[in-house]
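Since the structure comes first, as structure tokens, the remarks are kept for the end.
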There are 2 protein chains.
Amino acid sequence: MIRISKLADYGIVLLAQFARDPGNPVQTARDLAERTRMPAPTVSKILKVLLRGSLLNSQRGAKGGYQLSRPPDQISVADILLAIDGPVALTECISSGGGCSAERFCQVRANWVRINGAVRGALEGLKLTDMIIGPQLGPRPAASPAGATMGKAP
Amino acid sequence: MIRISKLADYGIVLLAQFARDPGNPVQTARDLAERTRMPAPTVSKILKVLLRGSLLNSQRGAKGGYQLSRPPDQISVADILLAIDGPVALTECISSGGGCSAERFCQVRANWVRINGAVRGALEGLKLTDMIIGPQLGPRPAASPAGATMGKAP
DNA sequence: AGAAATAGGACCGGCTGAGTACTGTTTATT
DNA sequence: AATAAACAGTACTCAGCCGGTCCTATTTCT
């Protein structure tokens with residue numbers, strides 16, 4: 001199904017929450033859980049992962065909380081996926097860096113490298129600021145963006 | 001890790017094999033297994049799935065085998081993924097068509113719809129013929145294709 | 001009739017994703 | 001100094017699904 005993990009999905013929702021109200025840069029895990037309607041332990045777990053990926057800074061103790069480590073326009077969806085799910089690798093032979101027993105005969109790997117790079121590039125171009133502007137906030141030009149092409153042999 | 005299933009990966013390799021030598025349009029499961037170095041039972045299983053997805057035609061009995069149901073330039077990577085892994089749905093809320101308990105509060109779903117559509121569109125544009133031209137067959141213009149952009153807010 | 005294929009299941013084992021819980025450690029406040 | 005509020009880290013379980021294999025029809029050519 002070519003899907004990202006649920007945790008990564010949650011992570012994006014959480015980070016988007018930060019970006020949505022810059023007035024409260026520091027948020028506690030508890031508050032985020034309430035606002036996003038996600039279970040508190042799971043929220044806490046994801047926040048720690050995002051911290052390790054240096055997408056968040058944390059302040060311990062009372063009056064503590066988390067805040068974005070960078071401006072939201074400098075955090076991409078690819079960054080979030082990298083922190084939570086690891087590197088973008090559509091196929092196993094990409095993530096394992098080759099070494100598949102069939103590699104000697106495999107004729108499609110080179111193409112996967114290209115497709116993979118294109119998807120990663122697209123995800124890198126998509127910033128957190130792009131995720132918070134929903135259809136409800138101001139009119140949008142049209143439905144779907146212009147015809148995203150990639151990887152097609154020239 | 002945003003990855004496609006191994007079966008789908010195999011399926012692409014198998015179909016690419018058909019496209020690679022148009023001289024032998026009909027191939028048996030056994031032959032394909034040998035040429036791709038994949039285990040025969042698995043190959044057989046995938047071929048049946050591809051048949052159900054009407055990407056292949058089959059001929060039973062002695063001298064039987066499988067062949068592409070359409071010219072390779074009319075079979076996209078998205079078609080193969082659809083047949084094996086189901087519809088492209090990066091997040092669960094896409095495949096389930098909404099209904100998530102947090103949907104009422106979720107502010108990012110609309111963006112996922114756009115991203116998802118962009119990825120699917122890109123995969124649809126990538127045909128089987130694009131998968132068989134490797135770097136070894138003739139020189140290629142450059143490393144990565146031109147800057148695949150998608151989903152970015154205009 | 002027999003051999004060579006596909007058709008269509010059932011079946012199972014192992015991995016990993018998702019969620020929970022528990023036990024520190026740090027810090028502001030009183 | 002004591003307390004409470006928050007983050008930090010780790011361990012654990014449970015379920016679902018992916019992957020692989022095998023078995024038994026059914027069809028068709030020789």
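Following the order of the structure tokens, chains are lettered A, B, ..., residues in each are numbered from 1, and ligands are numbered from 1.
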Practice problem: Would you give me, as number ranges by chain, the residues of chain A that come within 10 Å of chain D, using only C-alpha atoms (C1' of nucleotides)? | Solution: A: 28-30, 44, 47-48, 58-66
Overlay target chain A, mobile chain B, all C-alpha paired in order, as a tab-separated table (two decimals) with N, CA and C atoms, in the first residue's frame:
```tsv
chain	number	residue	atom	x	y	z
B	1	MET	N	0.82	-1.28	0.49
B	1	MET	CA	0.00	-0.11	0.23
B	1	MET	C	0.79	1.17	0.11
B	2	ILE	N	2.06	1.05	0.09
B	2	ILE	CA	2.94	2.22	0.03
B	2	ILE	C	2.52	3.26	1.06
B	3	ARG	N	2.69	2.93	2.28
B	3	ARG	CA	2.16	3.78	3.34
B	3	ARG	C	3.24	4.14	4.34
B	4	ILE	N	3.10	5.29	4.94
B	4	ILE	CA	4.00	5.67	6.02
B	4	ILE	C	3.43	5.10	7.32
B	5	SER	N	4.25	5.03	8.34
B	5	SER	CA	3.77	4.44	9.59
B	5	SER	C	2.81	5.39	10.28
B	6	LYS	N	1.99	4.80	11.12
B	6	LYS	CA	1.02	5.59	11.86
B	6	LYS	C	1.74	6.60	12.77
B	7	LEU	N	2.83	6.15	13.36
B	7	LEU	CA	3.59	7.04	14.24
B	7	LEU	C	4.06	8.27	13.49
B	8	ALA	N	4.53	8.07	12.28
B	8	ALA	CA	5.00	9.20	11.49
B	8	ALA	C	3.85	10.15	11.18
B	9	ASP	N	2.72	9.56	10.89
B	9	ASP	CA	1.52	10.36	10.65
B	9	ASP	C	1.22	11.22	11.88
B	10	TYR	N	1.22	10.59	13.01
B	10	TYR	CA	0.99	11.31	14.26
B	10	TYR	C	2.03	12.41	14.46
B	11	GLY	N	3.26	12.09	14.15
B	11	GLY	CA	4.33	13.06	14.33
B	11	GLY	C	4.09	14.32	13.53
B	12	ILE	N	3.59	14.15	12.33
B	12	ILE	CA	3.32	15.31	11.49
B	12	ILE	C	2.18	16.13	12.09
B	13	VAL	N	1.17	15.43	12.57
B	13	VAL	CA	0.06	16.15	13.20
B	13	VAL	C	0.56	16.95	14.41
B	14	LEU	N	1.42	16.34	15.18
B	14	LEU	CA	1.93	17.02	16.38
B	14	LEU	C	2.76	18.25	16.02
B	15	LEU	N	3.66	18.08	15.08
B	15	LEU	CA	4.50	19.21	14.71
B	15	LEU	C	3.67	20.31	14.05
B	16	ALA	N	2.67	19.90	13.31
B	16	ALA	CA	1.80	20.91	12.69
B	16	ALA	C	1.10	21.73	13.77
B	17	GLN	N	0.80	21.07	14.86
B	17	GLN	CA	0.15	21.77	15.97
B	17	GLN	C	1.04	22.90	16.50
B	18	PHE	N	2.34	22.61	16.59
B	18	PHE	CA	3.28	23.65	17.02
B	18	PHE	C	3.25	24.81	16.04
B	19	ALA	N	3.28	24.45	14.78
B	19	ALA	CA	3.37	25.50	13.76
B	19	ALA	C	2.09	26.32	13.70
B	20	ARG	N	1.01	25.74	14.17
B	20	ARG	CA	-0.27	26.41	13.99
B	20	ARG	C	-0.44	27.61	14.93
B	21	ASP	N	0.02	27.46	16.15
B	21	ASP	CA	-0.06	28.65	17.01
B	21	ASP	C	1.32	29.04	17.53
B	22	PRO	N	1.95	29.92	16.79
B	22	PRO	CA	3.30	30.36	17.17
B	22	PRO	C	3.27	31.17	18.47
B	23	GLY	N	2.08	31.54	18.91
B	23	GLY	CA	1.96	32.29	20.16
B	23	GLY	C	2.38	31.48	21.37
B	24	ASN	N	2.15	30.16	21.31
B	24	ASN	CA	2.57	29.27	22.39
B	24	ASN	C	3.68	28.35	21.89
B	25	PRO	N	4.88	28.85	21.85
B	25	PRO	CA	5.95	28.04	21.27
B	25	PRO	C	6.25	26.80	22.11
B	26	VAL	N	6.07	26.90	23.41
B	26	VAL	CA	6.36	25.77	24.28
B	26	VAL	C	5.06	25.05	24.65
B	27	GLN	N	5.02	23.76	24.37
B	27	GLN	CA	3.81	22.99	24.64
B	27	GLN	C	4.18	21.73	25.42
B	28	THR	N	3.34	21.37	26.35
B	28	THR	CA	3.57	20.14	27.09
B	28	THR	C	2.95	18.97	26.35
B	29	ALA	N	3.45	17.79	26.66
B	29	ALA	CA	2.92	16.57	26.03
B	29	ALA	C	1.43	16.44	26.34
B	30	ARG	N	1.08	16.79	27.55
B	30	ARG	CA	-0.32	16.68	27.95
B	30	ARG	C	-1.22	17.57	27.10
B	31	ASP	N	-0.81	18.80	26.94
B	31	ASP	CA	-1.60	19.73	26.14
B	31	ASP	C	-1.75	19.25	24.70
B	32	LEU	N	-0.65	18.79	24.15
B	32	LEU	CA	-0.69	18.33	22.77
B	32	LEU	C	-1.64	17.15	22.61
B	33	ALA	N	-1.61	16.27	23.60
B	33	ALA	CA	-2.50	15.11	23.53
B	33	ALA	C	-3.95	15.55	23.53
B	34	GLU	N	-4.25	16.52	24.37
B	34	GLU	CA	-5.63	16.99	24.42
B	34	GLU	C	-6.05	17.65	23.11
B	35	ARG	N	-5.18	18.48	22.59
B	35	ARG	CA	-5.56	19.24	21.40
B	35	ARG	C	-5.66	18.37	20.17
B	36	THR	N	-4.82	17.37	20.10
B	36	THR	CA	-4.86	16.52	18.91
B	36	THR	C	-5.74	15.30	19.12
B	37	ARG	N	-6.23	15.12	20.33
B	37	ARG	CA	-7.09	13.97	20.65
B	37	ARG	C	-6.36	12.65	20.48
B	38	MET	N	-5.11	12.66	20.76
B	38	MET	CA	-4.36	11.41	20.67
B	38	MET	C	-4.03	10.94	22.08
B	39	PRO	N	-3.84	9.63	22.27
B	39	PRO	CA	-3.54	9.11	23.60
B	39	PRO	C	-2.23	9.68	24.14
B	40	ALA	N	-2.25	10.11	25.38
B	40	ALA	CA	-1.11	10.79	25.97
B	40	ALA	C	0.19	9.99	25.92
B	41	PRO	N	0.18	8.70	26.26
B	41	PRO	CA	1.46	7.97	26.24
B	41	PRO	C	2.08	7.93	24.85
B	42	THR	N	1.24	7.78	23.86
B	42	THR	CA	1.74	7.74	22.49
B	42	THR	C	2.33	9.09	22.10
B	43	VAL	N	1.63	10.14	22.45
B	43	VAL	CA	2.13	11.48	22.15
B	43	VAL	C	3.51	11.67	22.78
B	44	SER	N	3.60	11.24	24.02
B	44	SER	CA	4.86	11.39	24.74
B	44	SER	C	5.99	10.64	24.03
B	45	LYS	N	5.65	9.45	23.61
B	45	LYS	CA	6.66	8.64	22.93
B	45	LYS	C	7.16	9.30	21.66
B	46	ILE	N	6.22	9.81	20.88
B	46	ILE	CA	6.59	10.41	19.60
B	46	ILE	C	7.42	11.67	19.82
B	47	LEU	N	7.04	12.44	20.82
B	47	LEU	CA	7.79	13.66	21.09
B	47	LEU	C	9.25	13.35	21.42
B	48	LYS	N	9.44	12.25	22.12
B	48	LYS	CA	10.82	11.87	22.46
B	48	LYS	C	11.60	11.49	21.20
B	49	VAL	N	10.93	10.81	20.31
B	49	VAL	CA	11.59	10.44	19.06
B	49	VAL	C	11.95	11.69	18.26
B	50	LEU	N	11.02	12.63	18.22
B	50	LEU	CA	11.27	13.86	17.47
B	50	LEU	C	12.39	14.66	18.12
B	51	LEU	N	12.48	14.55	19.43
B	51	LEU	CA	13.57	15.21	20.13
B	51	LEU	C	14.91	14.62	19.71
B	52	ARG	N	14.96	13.30	19.67
B	52	ARG	CA	16.20	12.63	19.27
B	52	ARG	C	16.57	12.98	17.84
B	53	GLY	N	15.57	13.22	17.03
B	53	GLY	CA	15.83	13.62	15.66
B	53	GLY	C	16.11	15.10	15.54
B	54	SER	N	16.22	15.75	16.68
B	54	SER	CA	16.55	17.18	16.78
B	54	SER	C	15.59	18.05	15.98
B	55	LEU	N	14.33	17.64	15.97
B	55	LEU	CA	13.31	18.50	15.40
B	55	LEU	C	12.66	19.33	16.51
B	56	LEU	N	12.83	18.89	17.74
B	56	LEU	CA	12.28	19.60	18.89
B	56	LEU	C	13.38	19.87	19.90
B	57	ASN	N	13.19	20.92	20.67
B	57	ASN	CA	13.97	21.12	21.88
B	57	ASN	C	13.05	20.89	23.07
B	58	SER	N	13.66	20.53	24.20
B	58	SER	CA	12.83	20.26	25.37
B	58	SER	C	13.33	21.02	26.59
B	59	GLN	N	12.38	21.27	27.47
B	59	GLN	CA	12.71	21.91	28.74
B	59	GLN	C	12.08	21.06	29.83
B	60	ARG	N	12.91	20.55	30.72
B	60	ARG	CA	12.39	19.67	31.76
B	60	ARG	C	11.79	20.45	32.91
B	61	GLY	N	11.20	19.67	33.81
B	61	GLY	CA	10.69	20.25	35.05
B	61	GLY	C	9.40	21.02	34.89
B	62	ALA	N	8.94	21.55	36.00
B	62	ALA	CA	7.73	22.37	35.97
B	62	ALA	C	7.93	23.50	34.98
B	63	LYS	N	6.84	23.88	34.33
B	63	LYS	CA	6.88	24.91	33.29
B	63	LYS	C	7.73	24.49	32.09
B	64	GLY	N	7.95	23.20	32.01
B	64	GLY	CA	8.73	22.71	30.88
B	64	GLY	C	7.85	22.44	29.69
B	65	GLY	N	8.40	21.74	28.72
B	65	GLY	CA	7.65	21.41	27.51
B	65	GLY	C	8.57	21.26	26.32
B	66	TYR	N	7.96	21.21	25.17
B	66	TYR	CA	8.71	21.06	23.92
B	66	TYR	C	8.48	22.28	23.04
B	67	GLN	N	9.46	22.53	22.19
B	67	GLN	CA	9.24	23.54	21.16
B	67	GLN	C	10.05	23.19	19.92
B	68	LEU	N	9.63	23.74	18.81
B	68	LEU	CA	10.32	23.46	17.55
B	68	LEU	C	11.76	23.93	17.63
B	69	SER	N	12.65	23.15	17.10
B	69	SER	CA	14.05	23.54	17.13
B	69	SER	C	14.40	24.51	16.00
B	70	ARG	N	13.53	24.56	15.01
B	70	ARG	CA	13.76	25.43	13.85
B	70	ARG	C	12.44	26.05	13.43
B	71	PRO	N	12.50	27.10	12.63
B	71	PRO	CA	11.26	27.66	12.09
B	71	PRO	C	10.54	26.61	11.24
B	72	PRO	N	9.22	26.63	11.28
B	72	PRO	CA	8.46	25.58	10.58
B	72	PRO	C	8.68	25.52	9.08
B	73	ASP	N	9.14	26.59	8.50
B	73	ASP	CA	9.39	26.51	7.05
B	73	ASP	C	10.74	25.87	6.75
B	74	GLN	N	11.43	25.47	7.81
B	74	GLN	CA	12.71	24.77	7.60
B	74	GLN	C	12.63	23.32	8.05
B	75	ILE	N	11.42	22.87	8.30
B	75	ILE	CA	11.21	21.46	8.67
B	75	ILE	C	10.35	20.82	7.58
B	76	SER	N	10.90	19.82	6.93
B	76	SER	CA	10.17	19.19	5.84
B	76	SER	C	9.52	17.88	6.30
B	77	VAL	N	8.56	17.45	5.52
B	77	VAL	CA	7.93	16.16	5.79
B	77	VAL	C	8.98	15.05	5.75
B	78	ALA	N	9.94	15.19	4.86
B	78	ALA	CA	11.01	14.19	4.78
B	78	ALA	C	11.80	14.15	6.09
B	79	ASP	N	12.02	15.30	6.70
B	79	ASP	CA	12.74	15.33	7.97
B	79	ASP	C	12.00	14.54	9.04
B	80	ILE	N	10.70	14.70	9.05
B	80	ILE	CA	9.89	14.03	10.06
B	80	ILE	C	9.89	12.53	9.83
B	81	LEU	N	9.73	12.15	8.58
B	81	LEU	CA	9.75	10.72	8.27
B	81	LEU	C	11.10	10.11	8.62
B	82	LEU	N	12.14	10.87	8.34
B	82	LEU	CA	13.48	10.36	8.65
B	82	LEU	C	13.63	10.13	10.15
B	83	ALA	N	13.13	11.07	10.93
B	83	ALA	CA	13.28	10.96	12.39
B	83	ALA	C	12.50	9.77	12.94
B	84	ILE	N	11.33	9.53	12.39
B	84	ILE	CA	10.45	8.51	12.98
B	84	ILE	C	10.58	7.16	12.29
B	85	ASP	N	10.58	7.17	10.98
B	85	ASP	CA	10.55	5.91	10.25
B	85	ASP	C	11.89	5.52	9.64
B	86	GLY	N	12.85	6.40	9.73
B	86	GLY	CA	14.13	6.12	9.09
B	86	GLY	C	14.14	6.64	7.67
B	87	PRO	N	15.22	6.37	6.94
B	87	PRO	CA	15.38	6.93	5.61
B	87	PRO	C	14.29	6.47	4.66
B	88	VAL	N	13.98	7.33	3.70
B	88	VAL	CA	13.00	6.97	2.67
B	88	VAL	C	13.60	5.90	1.77
B	89	ALA	N	12.99	4.73	1.76
B	89	ALA	CA	13.48	3.63	0.93
B	89	ALA	C	12.29	2.81	0.47
B	90	LEU	N	11.86	3.07	-0.76
B	90	LEU	CA	10.66	2.41	-1.25
B	90	LEU	C	10.81	0.91	-1.31
B	91	THR	N	12.01	0.45	-1.62
B	91	THR	CA	12.23	-1.00	-1.70
B	91	THR	C	13.36	-1.40	-0.76
B	92	GLU	N	13.37	-2.65	-0.43
B	92	GLU	CA	14.35	-3.14	0.52
B	92	GLU	C	15.76	-3.01	-0.03
B	93	CYS	N	15.91	-3.20	-1.34
B	93	CYS	CA	17.26	-3.19	-1.90
B	93	CYS	C	17.86	-1.80	-1.82
B	94	ILE	N	17.02	-0.77	-1.63
B	94	ILE	CA	17.56	0.58	-1.47
B	94	ILE	C	18.10	0.75	-0.06
B	95	SER	N	17.30	0.38	0.93
B	95	SER	CA	17.72	0.60	2.31
B	95	SER	C	18.90	-0.28	2.69
B	96	SER	N	18.95	-1.48	2.11
B	96	SER	CA	20.05	-2.36	2.46
B	96	SER	C	21.30	-2.03	1.65
B	97	GLY	N	21.18	-1.03	0.78
B	97	GLY	CA	22.36	-0.61	0.02
B	97	GLY	C	22.90	-1.69	-0.89
B	98	GLY	N	22.00	-2.41	-1.51
B	98	GLY	CA	22.44	-3.48	-2.39
B	98	GLY	C	22.77	-4.73	-1.60
B	99	GLY	N	23.39	-5.68	-2.21
B	99	GLY	CA	23.75	-6.91	-1.52
B	99	GLY	C	22.69	-7.98	-1.64
B	100	CYS	N	21.59	-7.65	-2.31
B	100	CYS	CA	20.56	-8.65	-2.56
B	100	CYS	C	21.14	-9.74	-3.44
B	101	SER	N	20.72	-10.97	-3.18
B	101	SER	CA	21.30	-12.10	-3.91
B	101	SER	C	21.00	-12.03	-5.40
B	102	ALA	N	19.92	-11.36	-5.74
B	102	ALA	CA	19.53	-11.28	-7.14
B	102	ALA	C	20.09	-10.03	-7.82
B	103	GLU	N	20.87	-9.27	-7.06
B	103	GLU	CA	21.31	-7.98	-7.60
B	103	GLU	C	22.07	-8.16	-8.91
B	104	ARG	N	22.83	-9.19	-8.95
B	104	ARG	CA	23.62	-9.44	-10.16
B	104	ARG	C	22.73	-9.52	-11.39
B	105	PHE	N	21.50	-10.00	-11.21
B	105	PHE	CA	20.61	-10.22	-12.35
B	105	PHE	C	19.48	-9.19	-12.38
B	106	CYS	N	19.33	-8.48	-11.28
B	106	CYS	CA	18.22	-7.55	-11.19
B	106	CYS	C	18.45	-6.38	-12.14
B	107	GLN	N	17.45	-6.14	-12.97
B	107	GLN	CA	17.61	-5.11	-13.98
B	107	GLN	C	16.81	-3.86	-13.66
B	108	VAL	N	16.18	-3.85	-12.53
B	108	VAL	CA	15.32	-2.70	-12.26
B	108	VAL	C	15.82	-1.84	-11.10
B	109	ARG	N	16.87	-2.30	-10.42
B	109	ARG	CA	17.30	-1.58	-9.24
B	109	ARG	C	17.70	-0.14	-9.56
B	110	ALA	N	18.39	0.03	-10.66
B	110	ALA	CA	18.85	1.37	-11.02
B	110	ALA	C	17.67	2.33	-11.15
B	111	ASN	N	16.55	1.81	-11.62
B	111	ASN	CA	15.38	2.66	-11.77
B	111	ASN	C	14.76	2.98	-10.42
B	112	TRP	N	14.83	2.03	-9.52
B	112	TRP	CA	14.30	2.30	-8.18
B	112	TRP	C	15.09	3.40	-7.49
B	113	VAL	N	16.36	3.41	-7.72
B	113	VAL	CA	17.17	4.47	-7.14
B	113	VAL	C	16.66	5.83	-7.59
B	114	ARG	N	16.31	5.91	-8.86
B	114	ARG	CA	15.84	7.19	-9.38
B	114	ARG	C	14.46	7.55	-8.81
B	115	ILE	N	13.57	6.57	-8.82
B	115	ILE	CA	12.22	6.83	-8.31
B	115	ILE	C	12.29	7.26	-6.86
B	116	ASN	N	13.11	6.51	-6.12
B	116	ASN	CA	13.26	6.78	-4.70
B	116	ASN	C	13.75	8.20	-4.46
B	117	GLY	N	14.74	8.58	-5.22
B	117	GLY	CA	15.28	9.92	-5.07
B	117	GLY	C	14.24	10.98	-5.38
B	118	ALA	N	13.43	10.70	-6.37
B	118	ALA	CA	12.40	11.68	-6.76
B	118	ALA	C	11.37	11.84	-5.65
B	119	VAL	N	10.96	10.72	-5.07
B	119	VAL	CA	9.97	10.80	-3.99
B	119	VAL	C	10.57	11.54	-2.79
B	120	ARG	N	11.79	11.18	-2.48
B	120	ARG	CA	12.42	11.84	-1.34
B	120	ARG	C	12.54	13.35	-1.59
B	121	GLY	N	12.94	13.69	-2.80
B	121	GLY	CA	13.07	15.11	-3.13
B	121	GLY	C	11.75	15.85	-2.98
B	122	ALA	N	10.69	15.19	-3.41
B	122	ALA	CA	9.38	15.82	-3.32
B	122	ALA	C	8.98	16.02	-1.87
B	123	LEU	N	9.25	15.04	-1.05
B	123	LEU	CA	8.91	15.13	0.36
B	123	LEU	C	9.78	16.17	1.07
B	124	GLU	N	10.98	16.34	0.58
B	124	GLU	CA	11.84	17.35	1.18
B	124	GLU	C	11.35	18.75	0.86
B	125	GLY	N	10.73	18.88	-0.29
B	125	GLY	CA	10.23	20.20	-0.67
B	125	GLY	C	8.97	20.61	0.05
B	126	LEU	N	8.38	19.67	0.73
B	126	LEU	CA	7.12	19.93	1.41
B	126	LEU	C	7.38	20.28	2.86
B	127	LYS	N	7.16	21.54	3.22
B	127	LYS	CA	7.52	22.00	4.57
B	127	LYS	C	6.32	21.96	5.51
B	128	LEU	N	6.65	22.12	6.77
B	128	LEU	CA	5.61	22.11	7.80
B	128	LEU	C	4.61	23.23	7.58
B	129	THR	N	5.08	24.33	7.08
B	129	THR	CA	4.18	25.45	6.81
B	129	THR	C	3.16	25.10	5.74
B	130	ASP	N	3.53	24.18	4.86
B	130	ASP	CA	2.58	23.76	3.83
B	130	ASP	C	1.51	22.85	4.39
B	131	MET	N	1.78	22.28	5.54
B	131	MET	CA	0.83	21.33	6.12
B	131	MET	C	-0.24	22.01	6.97
B	132	ILE	N	-0.01	23.24	7.34
B	132	ILE	CA	-0.98	23.87	8.24
B	132	ILE	C	-1.99	24.71	7.50
B	133	ILE	N	-1.74	24.97	6.22
B	133	ILE	CA	-2.72	25.74	5.47
B	133	ILE	C	-3.72	24.79	4.83
B	134	GLY	N	-4.85	24.68	5.48
B	134	GLY	CA	-5.88	23.79	4.98
B	134	GLY	C	-6.81	24.53	4.05
B	135	PRO	N	-7.74	23.79	3.44
B	135	PRO	CA	-8.67	24.39	2.49
B	135	PRO	C	-9.60	25.41	3.16
B	136	GLN	N	-9.74	25.29	4.47
B	136	GLN	CA	-10.67	26.19	5.16
B	136	GLN	C	-10.07	27.58	5.34
B	137	LEU	N	-8.76	27.67	5.33
B	137	LEU	CA	-8.12	28.96	5.52
B	137	LEU	C	-7.83	29.60	4.18
B	138	GLY	N	-8.75	30.37	3.71
B	138	GLY	CA	-8.53	31.05	2.45
B	138	GLY	C	-8.72	30.12	1.28
B	139	PRO	N	-9.16	30.67	0.17
B	139	PRO	CA	-9.41	29.85	-1.02
B	139	PRO	C	-8.12	29.38	-1.64
B	140	ARG	N	-8.17	28.19	-2.23
B	140	ARG	CA	-6.98	27.66	-2.88
B	140	ARG	C	-7.21	27.63	-4.39
B	141	PRO	N	-6.16	27.80	-5.16
B	141	PRO	CA	-6.25	27.90	-6.61
B	141	PRO	C	-7.10	26.81	-7.25
B	142	ALA	N	-6.76	25.55	-7.01
B	142	ALA	CA	-7.48	24.46	-7.65
B	142	ALA	C	-7.33	23.22	-6.81
B	143	ALA	N	-7.85	22.13	-7.32
B	143	ALA	CA	-7.80	20.88	-6.56
B	143	ALA	C	-6.36	20.39	-6.41
B	144	SER	N	-5.86	19.85	-7.48
B	144	SER	CA	-4.58	19.17	-7.44
B	144	SER	C	-3.48	20.08	-7.95
B	145	PRO	N	-2.29	19.94	-7.39
B	145	PRO	CA	-1.18	20.78	-7.86
B	145	PRO	C	-0.79	20.38	-9.27
B	146	ALA	N	-0.03	21.25	-9.89
B	146	ALA	CA	0.37	21.00	-11.27
B	146	ALA	C	1.09	19.68	-11.39
B	147	GLY	N	0.95	19.10	-12.56
B	147	GLY	CA	1.30	17.70	-12.82
B	147	GLY	C	2.64	17.19	-12.33
B	148	ALA	N	2.68	16.82	-11.12
B	148	ALA	CA	3.86	16.24	-10.52
B	148	ALA	C	4.45	15.11	-11.37
B	149	THR	N	5.52	15.39	-12.03
B	149	THR	CA	6.19	14.36	-12.80
B	149	THR	C	7.50	14.02	-12.14
B	150	MET	N	7.84	12.78	-12.30
B	150	MET	CA	9.12	12.37	-11.74
B	150	MET	C	9.58	11.09	-12.37
B	151	GLY	N	10.87	10.89	-12.36
B	151	GLY	CA	11.42	9.61	-12.73
B	151	GLY	C	11.18	9.18	-14.17
B	152	LYS	N	10.34	9.85	-14.83
B	152	LYS	CA	10.03	9.46	-16.20
B	152	LYS	C	11.25	9.63	-17.09
B	153	ALA	N	11.50	8.62	-17.87
B	153	ALA	CA	12.67	8.70	-18.74
B	153	ALA	C	12.50	9.83	-19.74
B	154	PRO	N	13.50	10.64	-19.88
B	154	PRO	CA	13.38	11.81	-20.75
B	154	PRO	C	13.40	11.42	-22.23
```
Exercise. Determine which residues of chain C sit within 12 Å of chain B, taking into account only C-alpha atoms (C1' of nucleotides), and present them as an MDAnalysis selection string.
Key: chainID C and resid 2:9 16:17
Exercise. Using DSSP on the backbone coordinates, identify the residues of chain A assigned to strand (DSSP E); present them as an NGL selection string.
Key: :A and (56-59 or 65-68)
Exercise. Enumerate the residues of region 70-129 of chain A with a DSSP assignment of alpha helix (DSSP H), computed from the backbone, and present them as a PyMOL selection string.
Key: chain A and resi 77-85+92-95+109-125+128-129
